[in-house]
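Asks: One structure, pasted below without further comment.
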Amino acid sequence: MCSNAKTLIENGQTYLGIELGSTRIKSVLIDVNGNILAKGSFEWENHFVNGIWTYPLDEVWTGIAQSYQDLSSVVRDKYNTVIRHISAMGVSAMMHGYLAFDEQDNQLAEFRTWRNNTTAVAADQLTDLLQYNIPQRWSIAHLYQAILNQESHTKDIAYITTLSGYVHWQLTAQQVLGIGDASGMFPIDSTTKDYDRRMINTFNELISQQHFNWKLENILPKVLVAGESAGLLTEKGCRLLDPTGNLQAGCVLCPPEGDAGTGMMATNSIKVKTGNVSAGTSAFAMVVLEKPLSQVYRDLDMVTTPAGDLVAMAHSQNCSSDLNAWFQVFDEVLNVFNIKVTPDELYAGLFNKALEATPDGGGLLSYCFYSGEHGVNLTTGCPLFLHPAKADFSLANFLLVQLYTAFGAMKLGMDTLTKKESVNIEKIFAHGGLFKSKETAQKALSAALNVPVAVLETASEGGAWGIALLAAYMQQTSISLTDYLDKIVFVNSSDNVVNPEPNWVQGYETFIQRYKNGLAIEQVAANFATNQN
């Protein structure tokens, strides 16, 4: 494999995927069949500045360059060669949010990420007006809220985009976006594979009294679907990506996509009645629909696959951050006694302990809200743990409840989909950091959703691998995207399925009722935390 991989690299027969996640920027180099040749990464964190969750754009480029350099070092050390040419590449990033620029390409406002819950008024008004669920994190909600706030920069807008769209623009000079990421900016018409024209006109009429010199359709990225060319890597793009000068310009790029779409690629869940759950800093479940939903639901977003098929998404802003904080405390306890374990050993050991818990968590209750949570109407968050005097406060129950609550807000949205809309889900593919210790997290998720949960061996590769696959697919467009995944990429993969156990399903239902009943306590805690800052 090494000698063949070296030949592929030196002949430029490889595909590069870069994903900007919430905590890591990852780079993956693959062959046309999806086999991973090398990986690189760079860790970063969002900043909470003047009430806004953001990342400075200079950190975007520092992180991308260092992630790519890390990958290049692996190629040099493993294959004794350097990357000079690649066949195609793609960029993925956290969906939604708001990046606005003027005609001179100057950034007009701080990057407002998906994590912000500051657009409630705009989201509610747009949902009522368009009769289409507009979540707070969507780009159009950020834009309209800025208009409602009378932010002066809105009159100077020439272009708005997402993080993946911004990076792609700088690499190629093309203002385009993959349809999956675009569906988190503004509603998509699944028949035309473009923004909904009626809703565009409605929004333009809504803001007509502002007398802006722009129309919405002129400031949004052009929508592209999987397999279409999205431009070429420029000399400027090369230097941003690889300041060493080894990489040469000219490779084609696939449409930039959001992390939801690339997660679907990485888990082979773009077929009807399949879905995937991504669990990391945030958690979201995506299910490919057979038909549109019967009505508008505020806890379900309507987005698309990279091919443009309709998807229902149940999204929660918070997932693993609080669990990670607790596990760090346990690590500190071990250190007091000079006991050293690796992070993988710590998580595996504690997750295994959770398997001894009472299926409903023993009456304990926890909320993992580091930030606000749109699904339960929290503008700000405060992590919270409660153990009533009569509860069974054991280590196993404590650990299980931390895992249960990580899926709690997402579970509420999925209940709408399965219980109110009677959507049939044959299987959920899970990916993200929580599923490194497969059995416990899978068992908890299958109990929450009452659906078989599979973890593919490749699931941990995530969106960087998913966008690399979309880049490789550009040379496979004689077949459908589904067939490319089924017959080439995943042809020899195994599912590792965990089926829901009735007593755990009932236990989770008991927990989630307790969770809903206690939300008023969380609201008080969040208000208290806000007033202390």
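Residues in the structure tokens are named by chain (A, B, ... in the order shown) and by number from 1 within that chain; ligands are numbered from 1 in the order shown.
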Looking only at the backbone, which of the residues in stretch 128-177 of chain A does DSSP tag as helix (DSSP H, G or I), as number ranges by chain?
Replies: A: 128-130, 139-148, 152-156, 163-172
Asks: Could you please take those selected residues and save N, CA and C atoms as a short mmCIF file (atom, residue, chain, number, x, y, z; two decimals), in the first residue's frame?
Replies:
data_model
loop_
_atom_site.label_atom_id
_atom_site.label_comp_id
_atom_site.auth_asym_id
_atom_site.auth_seq_id
_atom_site.Cartn_x
_atom_site.Cartn_y
_atom_site.Cartn_z
N ASP A 128 -42.97 32.87 10.70
CA ASP A 128 -44.37 33.23 10.48
C ASP A 128 -44.60 33.73 9.06
N LEU A 129 -43.70 34.55 8.58
CA LEU A 129 -43.86 35.15 7.26
C LEU A 129 -43.73 34.12 6.14
N LEU A 130 -42.72 33.28 6.22
CA LEU A 130 -42.43 32.33 5.15
C LEU A 130 -43.16 31.01 5.30
N SER A 139 -28.34 31.68 8.48
CA SER A 139 -27.76 32.94 8.01
C SER A 139 -28.82 34.01 7.80
N ILE A 140 -29.97 33.62 7.27
CA ILE A 140 -31.01 34.61 7.00
C ILE A 140 -31.55 35.20 8.30
N ALA A 141 -31.58 34.41 9.37
CA ALA A 141 -32.01 34.94 10.66
C ALA A 141 -31.00 35.96 11.18
N HIS A 142 -29.71 35.66 11.03
CA HIS A 142 -28.68 36.61 11.45
C HIS A 142 -28.77 37.90 10.63
N LEU A 143 -28.98 37.77 9.34
CA LEU A 143 -29.08 38.95 8.49
C LEU A 143 -30.27 39.81 8.89
N TYR A 144 -31.43 39.19 9.04
CA TYR A 144 -32.62 39.99 9.35
C TYR A 144 -32.54 40.58 10.76
N GLN A 145 -31.93 39.84 11.71
CA GLN A 145 -31.77 40.40 13.05
C GLN A 145 -30.86 41.62 13.02
N ALA A 146 -29.82 41.57 12.20
CA ALA A 146 -28.93 42.74 12.06
C ALA A 146 -29.70 43.93 11.49
N ILE A 147 -30.62 43.65 10.57
CA ILE A 147 -31.45 44.73 10.02
C ILE A 147 -32.38 45.28 11.09
N LEU A 148 -33.02 44.39 11.86
CA LEU A 148 -33.90 44.83 12.94
C LEU A 148 -33.13 45.63 14.00
N SER A 152 -25.44 49.29 11.15
CA SER A 152 -25.12 50.13 9.99
C SER A 152 -24.49 49.36 8.84
N HIS A 153 -23.85 48.24 9.15
CA HIS A 153 -23.15 47.51 8.09
C HIS A 153 -24.10 46.90 7.06
N THR A 154 -25.37 46.73 7.41
CA THR A 154 -26.29 46.01 6.51
C THR A 154 -26.47 46.74 5.18
N LYS A 155 -26.32 48.05 5.18
CA LYS A 155 -26.50 48.79 3.92
C LYS A 155 -25.35 48.57 2.95
N ASP A 156 -24.21 48.09 3.48
CA ASP A 156 -23.00 47.94 2.66
C ASP A 156 -22.75 46.51 2.21
N LEU A 163 -18.98 29.64 6.73
CA LEU A 163 -17.53 29.46 6.87
C LEU A 163 -16.95 28.66 5.72
N SER A 164 -17.61 27.57 5.32
CA SER A 164 -17.07 26.78 4.20
C SER A 164 -17.10 27.60 2.92
N GLY A 165 -18.15 28.37 2.73
CA GLY A 165 -18.24 29.22 1.54
C GLY A 165 -17.16 30.29 1.51
N TYR A 166 -16.83 30.83 2.68
CA TYR A 166 -15.77 31.85 2.76
C TYR A 166 -14.42 31.25 2.41
N VAL A 167 -14.08 30.12 3.01
CA VAL A 167 -12.78 29.50 2.73
C VAL A 167 -12.68 29.13 1.25
N HIS A 168 -13.74 28.55 0.72
CA HIS A 168 -13.75 28.17 -0.71
C HIS A 168 -13.56 29.40 -1.59
N TRP A 169 -14.22 30.49 -1.26
CA TRP A 169 -14.10 31.75 -2.01
C TRP A 169 -12.65 32.22 -2.05
N GLN A 170 -11.97 32.15 -0.91
CA GLN A 170 -10.59 32.61 -0.86
C GLN A 170 -9.64 31.67 -1.62
N LEU A 171 -9.99 30.41 -1.68
CA LEU A 171 -9.14 29.44 -2.39
C LEU A 171 -9.34 29.48 -3.90
N THR A 172 -10.55 29.87 -4.35
CA THR A 172 -10.90 29.74 -5.77
C THR A 172 -11.37 31.04 -6.42
#
Asks: So that I can check the surroundings of A:Thr119, please list as an NGL selection string every protein, DNA and RNA residue that reaches within 6 Å of it, counting only C-alpha atoms and ignoring chain neighbours fewer than 3 positions away.
Replies: :A and (122-123 or 136 or 145)
Asks: Enumerate, in order of chain and increasing residue number, the residues of stretch 88-189 of chain A with an atom no farther than 9 Å from stretch 365-382 of chain A, each with its shortest atom pair and distance in Å to one decimal, counting only C-alpha atoms, as a tab-separated table.
Replies:
residue	atom	partner	partner_atom	distance
A:Arg115	CA	A:Ser371	CA	7.3
A:Asn116	CA	A:Gly372	CA	7.5
A:Asn117	CA	A:Thr379	CA	5.6
A:Thr118	CA	A:Thr379	CA	7.2
A:Ala120	CA	A:Thr379	CA	8.5
A:Pro135	CA	A:His374	CA	7.9
A:Gln136	CA	A:His374	CA	7.3
A:Arg137	CA	A:His374	CA	9.0
Asks: With the cut-off set at 10 Å and counting only C-alpha atoms, tabulate each residue of stretch 201-240 of chain A with an atom at most that distance from an atom of stretch 86-98 of chain A, showing the nearest atom pair and its distance in Å to one decimal, ordered by chain and increasing number, as CSV.
Replies:
residue,atom,partner,partner_atom,distance
A:Ser229,CA,A:Ala88,CA,9.7
A:Ala230,CA,A:Gly90,CA,9.2
A:Leu232,CA,A:Ala88,CA,8.8
A:Leu233,CA,A:Met89,CA,8.7
Asks: Considering only C-alpha atoms, state which residue in the set A:Leu384, A:Met286, A:Leu334, A:Val303 is at the smallest distance from A:Gly413.
Replies: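 Comparing A:Leu384, A:Met286, A:Leu334, A:Val303 against A:Gly413, the winner is A:Met286.
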Asks: Name all residues at most 12 Å from A:Asp70 (count only C-alpha atoms; drop same-chain ones fewer than 3 positions away) and give them as a list of chain:residue names.
Replies: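 In the requested format, the answer is A:Ile25, A:Lys26, A:Ser27, A:Val28, A:Leu29, A:Ala38, A:Lys39, A:Gly40, A:Ser41, A:Phe42, A:Glu43, A:Gly63, A:Ile64, A:Ala65, A:Gln66, A:Ser67, A:Ser73, A:Val74, A:Val75, A:Arg76, A:Asp77, A:Leu241, A:Asp242.
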Asks: How would the residues just picked look written out with N, CA and C atoms as a PDB file, in the first residue's frame?
Replies:
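Generated output (again-v9.pdb):
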ATOM      1  N   ILE A  25      -9.542  21.626  13.178  1.00  0.00           N
ATOM      2  CA  ILE A  25      -9.493  21.737  11.718  1.00  0.00           C
ATOM      3  C   ILE A  25      -8.752  20.498  11.232  1.00  0.00           C
ATOM      4  N   LYS A  26      -9.427  19.669  10.460  1.00  0.00           N
ATOM      5  CA  LYS A  26      -8.864  18.390  10.041  1.00  0.00           C
ATOM      6  C   LYS A  26      -8.626  18.367   8.533  1.00  0.00           C
ATOM      7  N   SER A  27      -7.543  17.701   8.140  1.00  0.00           N
ATOM      8  CA  SER A  27      -7.207  17.502   6.731  1.00  0.00           C
ATOM      9  C   SER A  27      -7.055  16.006   6.481  1.00  0.00           C
ATOM     10  N   VAL A  28      -7.606  15.530   5.373  1.00  0.00           N
ATOM     11  CA  VAL A  28      -7.539  14.116   5.022  1.00  0.00           C
ATOM     12  C   VAL A  28      -7.186  13.985   3.548  1.00  0.00           C
ATOM     13  N   LEU A  29      -6.241  13.119   3.250  1.00  0.00           N
ATOM     14  CA  LEU A  29      -5.854  12.818   1.870  1.00  0.00           C
ATOM     15  C   LEU A  29      -6.261  11.380   1.566  1.00  0.00           C
ATOM     16  N   ALA A  38      -3.341   9.862   4.437  1.00  0.00           N
ATOM     17  CA  ALA A  38      -2.701  10.674   5.473  1.00  0.00           C
ATOM     18  C   ALA A  38      -3.732  11.601   6.085  1.00  0.00           C
ATOM     19  N   LYS A  39      -3.466  12.006   7.334  1.00  0.00           N
ATOM     20  CA  LYS A  39      -4.358  12.920   8.050  1.00  0.00           C
ATOM     21  C   LYS A  39      -3.538  13.968   8.778  1.00  0.00           C
ATOM     22  N   GLY A  40      -4.143  15.122   8.996  1.00  0.00           N
ATOM     23  CA  GLY A  40      -3.530  16.178   9.792  1.00  0.00           C
ATOM     24  C   GLY A  40      -4.608  16.926  10.547  1.00  0.00           C
ATOM     25  N   SER A  41      -4.218  17.654  11.584  1.00  0.00           N
ATOM     26  CA  SER A  41      -5.226  18.385  12.356  1.00  0.00           C
ATOM     27  C   SER A  41      -4.613  19.577  13.076  1.00  0.00           C
ATOM     28  N   PHE A  42      -5.480  20.464  13.517  1.00  0.00           N
ATOM     29  CA  PHE A  42      -5.105  21.644  14.295  1.00  0.00           C
ATOM     30  C   PHE A  42      -6.242  21.931  15.257  1.00  0.00           C
ATOM     31  N   GLU A  43      -5.923  22.099  16.516  1.00  0.00           N
ATOM     32  CA  GLU A  43      -6.954  22.366  17.513  1.00  0.00           C
ATOM     33  C   GLU A  43      -7.174  23.869  17.663  1.00  0.00           C
ATOM     34  N   GLY A  63      -5.013  28.040  11.227  1.00  0.00           N
ATOM     35  CA  GLY A  63      -5.406  26.657  11.485  1.00  0.00           C
ATOM     36  C   GLY A  63      -5.371  25.783  10.252  1.00  0.00           C
ATOM     37  N   ILE A  64      -5.870  26.298   9.127  1.00  0.00           N
ATOM     38  CA  ILE A  64      -5.866  25.524   7.886  1.00  0.00           C
ATOM     39  C   ILE A  64      -4.433  25.203   7.461  1.00  0.00           C
ATOM     40  N   ALA A  65      -3.573  26.210   7.495  1.00  0.00           N
ATOM     41  CA  ALA A  65      -2.182  25.999   7.076  1.00  0.00           C
ATOM     42  C   ALA A  65      -1.478  24.984   7.976  1.00  0.00           C
ATOM     43  N   GLN A  66      -1.722  25.062   9.292  1.00  0.00           N
ATOM     44  CA  GLN A  66      -1.055  24.136  10.195  1.00  0.00           C
ATOM     45  C   GLN A  66      -1.635  22.726  10.092  1.00  0.00           C
ATOM     46  N   SER A  67      -2.946  22.625   9.855  1.00  0.00           N
ATOM     47  CA  SER A  67      -3.546  21.310   9.647  1.00  0.00           C
ATOM     48  C   SER A  67      -2.981  20.662   8.394  1.00  0.00           C
ATOM     49  N   SER A  73       3.479  16.590   6.717  1.00  0.00           N
ATOM     50  CA  SER A  73       4.556  15.946   7.479  1.00  0.00           C
ATOM     51  C   SER A  73       4.358  14.433   7.524  1.00  0.00           C
ATOM     52  N   VAL A  74       3.101  14.018   7.652  1.00  0.00           N
ATOM     53  CA  VAL A  74       2.805  12.584   7.632  1.00  0.00           C
ATOM     54  C   VAL A  74       3.182  11.985   6.279  1.00  0.00           C
ATOM     55  N   VAL A  75       2.828  12.690   5.201  1.00  0.00           N
ATOM     56  CA  VAL A  75       3.170  12.213   3.852  1.00  0.00           C
ATOM     57  C   VAL A  75       4.679  12.105   3.692  1.00  0.00           C
ATOM     58  N   ARG A  76       5.406  13.100   4.171  1.00  0.00           N
ATOM     59  CA  ARG A  76       6.874  13.078   4.061  1.00  0.00           C
ATOM     60  C   ARG A  76       7.479  11.922   4.854  1.00  0.00           C
ATOM     61  N   ASP A  77       6.997  11.755   6.085  1.00  0.00           N
ATOM     62  CA  ASP A  77       7.578  10.724   6.951  1.00  0.00           C
ATOM     63  C   ASP A  77       7.168   9.311   6.539  1.00  0.00           C
ATOM     64  N   LEU A 241      -3.151  27.788   1.714  1.00  0.00           N
ATOM     65  CA  LEU A 241      -3.222  26.392   2.153  1.00  0.00           C
ATOM     66  C   LEU A 241      -1.836  25.840   2.496  1.00  0.00           C
ATOM     67  N   ASP A 242      -0.855  26.149   1.660  1.00  0.00           N
ATOM     68  CA  ASP A 242       0.487  25.584   1.807  1.00  0.00           C
ATOM     69  C   ASP A 242       1.534  26.678   1.618  1.00  0.00           C
TER      70      ASP A 242
END
Asks: In Å, how far is it from atom CA of A:Phe327 to atom CA of A:Gly51?
Replies: 27.5 Å
Asks: Between A:Ser282, A:Thr440, A:Ser72, A:Asn499, single out the one closest to A:Asp259, counting only C-alpha atoms.
Replies: A:Ser282
Asks: Any idea what's packed within 12 Å of A:Asn352, counting only C-alpha atoms, ignoring anything in its chain fewer than 2 positions away? Could you give it as a ChimeraX atom specification?
Replies: /A:345-350,354-357,395-397,399-400,403,437-444
Asks: In terms of the shortest atom-to-atom distance over only C-alpha atoms, which of A:Val311, A:Val491, A:Ala158, A:Val505 is closest to A:Tyr404?
Replies: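 Of A:Val311, A:Val491, A:Ala158, A:Val505, the one nearest A:Tyr404 is A:Val505, counting only C-alpha atoms.
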Asks: Between atom CA of A:Val455 and atom CA of A:Ala430, what distance in Å does the model show, to one decimal?
Replies: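 Here the two named atoms are 5.3 Å from each other.
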Asks: With only C-alpha atoms as the counted atoms, please give the residues lying no more than 10 Å from A:Glu290, apart from itself and same-chain residues fewer than 5 positions off, as a PyMOL selection string.
Replies: chain A and resi 271-273+309-311+423-424
Asks: Please provide the set of residues having any atom within 10 Å of A:Tyr508, restricted to only C-alpha atoms, with same-chain residues fewer than 6 positions apart removed, written as an mmCIF file with N, CA and C atoms, in the first residue's frame.
Replies:
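Listing of around_1.cif after writing:
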data_model
loop_
_atom_site.group_PDB
_atom_site.id
_atom_site.type_symbol
_atom_site.label_atom_id
_atom_site.label_comp_id
_atom_site.auth_asym_id
_atom_site.auth_seq_id
_atom_site.Cartn_x
_atom_site.Cartn_y
_atom_site.Cartn_z
ATOM 1 N N PRO A 359 -31.564 1.773 34.236
ATOM 2 C CA PRO A 359 -31.845 2.321 32.909
ATOM 3 C C PRO A 359 -32.433 3.728 32.877
ATOM 4 N N ASP A 360 -33.080 4.190 33.970
ATOM 5 C CA ASP A 360 -33.607 5.556 33.946
ATOM 6 C C ASP A 360 -32.663 6.557 34.617
ATOM 7 N N GLY A 361 -31.468 6.105 35.002
ATOM 8 C CA GLY A 361 -30.516 7.001 35.632
ATOM 9 C C GLY A 361 -30.738 7.206 37.115
ATOM 10 N N VAL A 401 -26.501 9.416 33.250
ATOM 11 C CA VAL A 401 -27.294 10.637 33.099
ATOM 12 C C VAL A 401 -26.520 11.703 32.329
ATOM 13 N N TYR A 404 -27.032 10.514 28.827
ATOM 14 C CA TYR A 404 -28.427 10.720 28.424
ATOM 15 C C TYR A 404 -28.709 12.181 28.082
ATOM 16 N N THR A 405 -28.241 13.088 28.936
ATOM 17 C CA THR A 405 -28.588 14.496 28.729
ATOM 18 C C THR A 405 -27.896 15.085 27.507
ATOM 19 N N GLY A 408 -30.409 14.847 25.032
ATOM 20 C CA GLY A 408 -31.745 15.251 25.458
ATOM 21 C C GLY A 408 -32.456 16.217 24.533
ATOM 22 N N ALA A 444 -27.105 3.995 24.605
ATOM 23 C CA ALA A 444 -27.866 5.148 25.090
ATOM 24 C C ALA A 444 -28.637 5.818 23.959
ATOM 25 N N LEU A 445 -27.990 5.963 22.800
ATOM 26 C CA LEU A 445 -28.664 6.608 21.673
ATOM 27 C C LEU A 445 -29.790 5.744 21.127
ATOM 28 N N SER A 446 -29.583 4.440 21.046
ATOM 29 C CA SER A 446 -30.653 3.568 20.553
ATOM 30 C C SER A 446 -31.836 3.586 21.508
ATOM 31 N N ALA A 447 -31.544 3.736 22.813
ATOM 32 C CA ALA A 447 -32.632 3.857 23.784
ATOM 33 C C ALA A 447 -33.371 5.179 23.610
ATOM 34 N N ALA A 448 -32.626 6.254 23.360
ATOM 35 C CA ALA A 448 -33.244 7.570 23.196
ATOM 36 C C ALA A 448 -34.154 7.614 21.979
ATOM 37 N N LEU A 449 -33.714 7.024 20.871
ATOM 38 C CA LEU A 449 -34.452 7.126 19.612
ATOM 39 C C LEU A 449 -35.308 5.900 19.314
ATOM 40 N N ASN A 450 -35.091 4.806 20.056
ATOM 41 C CA ASN A 450 -35.783 3.536 19.811
ATOM 42 C C ASN A 450 -35.593 3.080 18.365
ATOM 43 N N PRO A 502 -35.655 -2.942 25.216
ATOM 44 C CA PRO A 502 -36.908 -2.388 25.746
ATOM 45 C C PRO A 502 -36.781 -1.727 27.116
ATOM 46 N N ARG A 514 -38.543 13.444 33.090
ATOM 47 C CA ARG A 514 -37.918 14.174 34.191
ATOM 48 C C ARG A 514 -37.185 15.406 33.656
#
Asks: Find, counting only C-alpha atoms, the residue in A:Val329, A:Ile488, A:Ala464, A:Ala279 that gets nearest to A:Gly433.
Replies: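 The answer is A:Ala279, which sits nearest to A:Gly433.
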Asks: So which one's closest to A:Pro306, A:Ala389, A:Ile467, A:Leu412, A:Val453? Using only C-alpha atoms, please.
Replies: A:Ile467
Asks: Using atom CA of A:Phe511 and atom CA of A:Gly280 as the two end points, give the distance in Å to one decimal.
Replies: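 So the answer is 21.2 Å.
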